[in-house]
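Trainee: Please read through the structure below; I'll follow up with questions.
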Amino acid sequence: MSKRFLRWVENWIEENIPPGANPDIESHEARTERLTEKLFAEAAAASFSKFETEEERVRVLPLVLAAVADSTDFDIDTYKLKFQLAQENEDGD
């Protein structure tokens with residue numbers, strides 16, 4: 001098990017799959033498959049070995065599917081404002 005790879009995957013998902021941003025055109029399964037392939041292509045470019053990534057493929061699919069299926073409404077402007085306020089207050093809240 002590669003904890004380093006799984007941490008990288010969690011960061012990748014957070015940066016590339018915003019909550020609630022699933023267009024109606026593509027099913028969750030199709031989008032999950034497409035994004036998983038993109039994730040593994042970027043993992044190879046990030047110098048993760050094929051052995052390391054293939055070993056974790058079973059754990060990565062449910063993580064991507066959960067992120068894709070998240071239907072939480074997400075307001076990017078509110079998120080940015082809260083982030084700026086947290087930086088100014090230096091308390092992280």
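Each chain in the structure tokens gets a letter, A, B and so on, in the order shown; residues start at 1 in every chain, and ligands are counted from 1 in the order they appear.
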Could you list, as a tab-separated table (two decimals) with all heavy atoms, in the first residue's frame, every residue within 7 Å of range 50-65 of chain A, counting only C-alpha atoms and ignoring same-chain residues fewer than 6 positions away?
Mentor:
chain	number	residue	atom	x	y	z
A	1	MET	N	0.85	-1.18	0.00
A	1	MET	CA	0.00	0.00	0.00
A	1	MET	C	0.89	1.24	0.00
A	1	MET	O	1.84	1.33	0.75
A	1	MET	CB	-0.92	-0.01	1.22
A	1	MET	CG	-1.70	1.24	1.33
A	1	MET	SD	-2.99	1.36	2.59
A	1	MET	CE	-2.55	0.27	3.85
A	2	SER	N	0.57	2.18	-0.84
A	2	SER	CA	1.35	3.40	-0.97
A	2	SER	C	0.58	4.59	-0.39
A	2	SER	O	-0.31	5.14	-1.03
A	2	SER	CB	1.67	3.66	-2.44
A	2	SER	OG	2.31	4.90	-2.58
A	13	ILE	N	-7.97	14.80	-6.38
A	13	ILE	CA	-9.43	14.82	-6.39
A	13	ILE	C	-9.93	16.18	-5.90
A	13	ILE	O	-10.84	16.77	-6.50
A	13	ILE	CB	-10.00	13.67	-5.55
A	13	ILE	CG1	-9.78	12.34	-6.26
A	13	ILE	CG2	-11.49	13.88	-5.27
A	13	ILE	CD1	-10.13	11.11	-5.44
A	32	THR	N	-16.59	9.06	-13.87
A	32	THR	CA	-15.62	8.43	-12.97
A	32	THR	C	-14.54	7.73	-13.78
A	32	THR	O	-13.35	7.88	-13.49
A	32	THR	CB	-16.32	7.42	-12.04
A	32	THR	OG1	-17.26	8.11	-11.23
A	32	THR	CG2	-15.32	6.70	-11.16
A	36	THR	N	-10.73	8.92	-13.74
A	36	THR	CA	-9.77	7.96	-13.20
A	36	THR	C	-8.62	7.74	-14.18
A	36	THR	O	-7.46	7.70	-13.77
A	36	THR	CB	-10.47	6.62	-12.88
A	36	THR	OG1	-11.51	6.86	-11.93
A	36	THR	CG2	-9.50	5.62	-12.30
Trainee: Using the chain letters and numbers from this document, which residues of chain A does DSSP assign to alpha helix (DSSP H), as a ChimeraX atom specification?
Mentor: /A:3-16,28-45,50-69,76-89
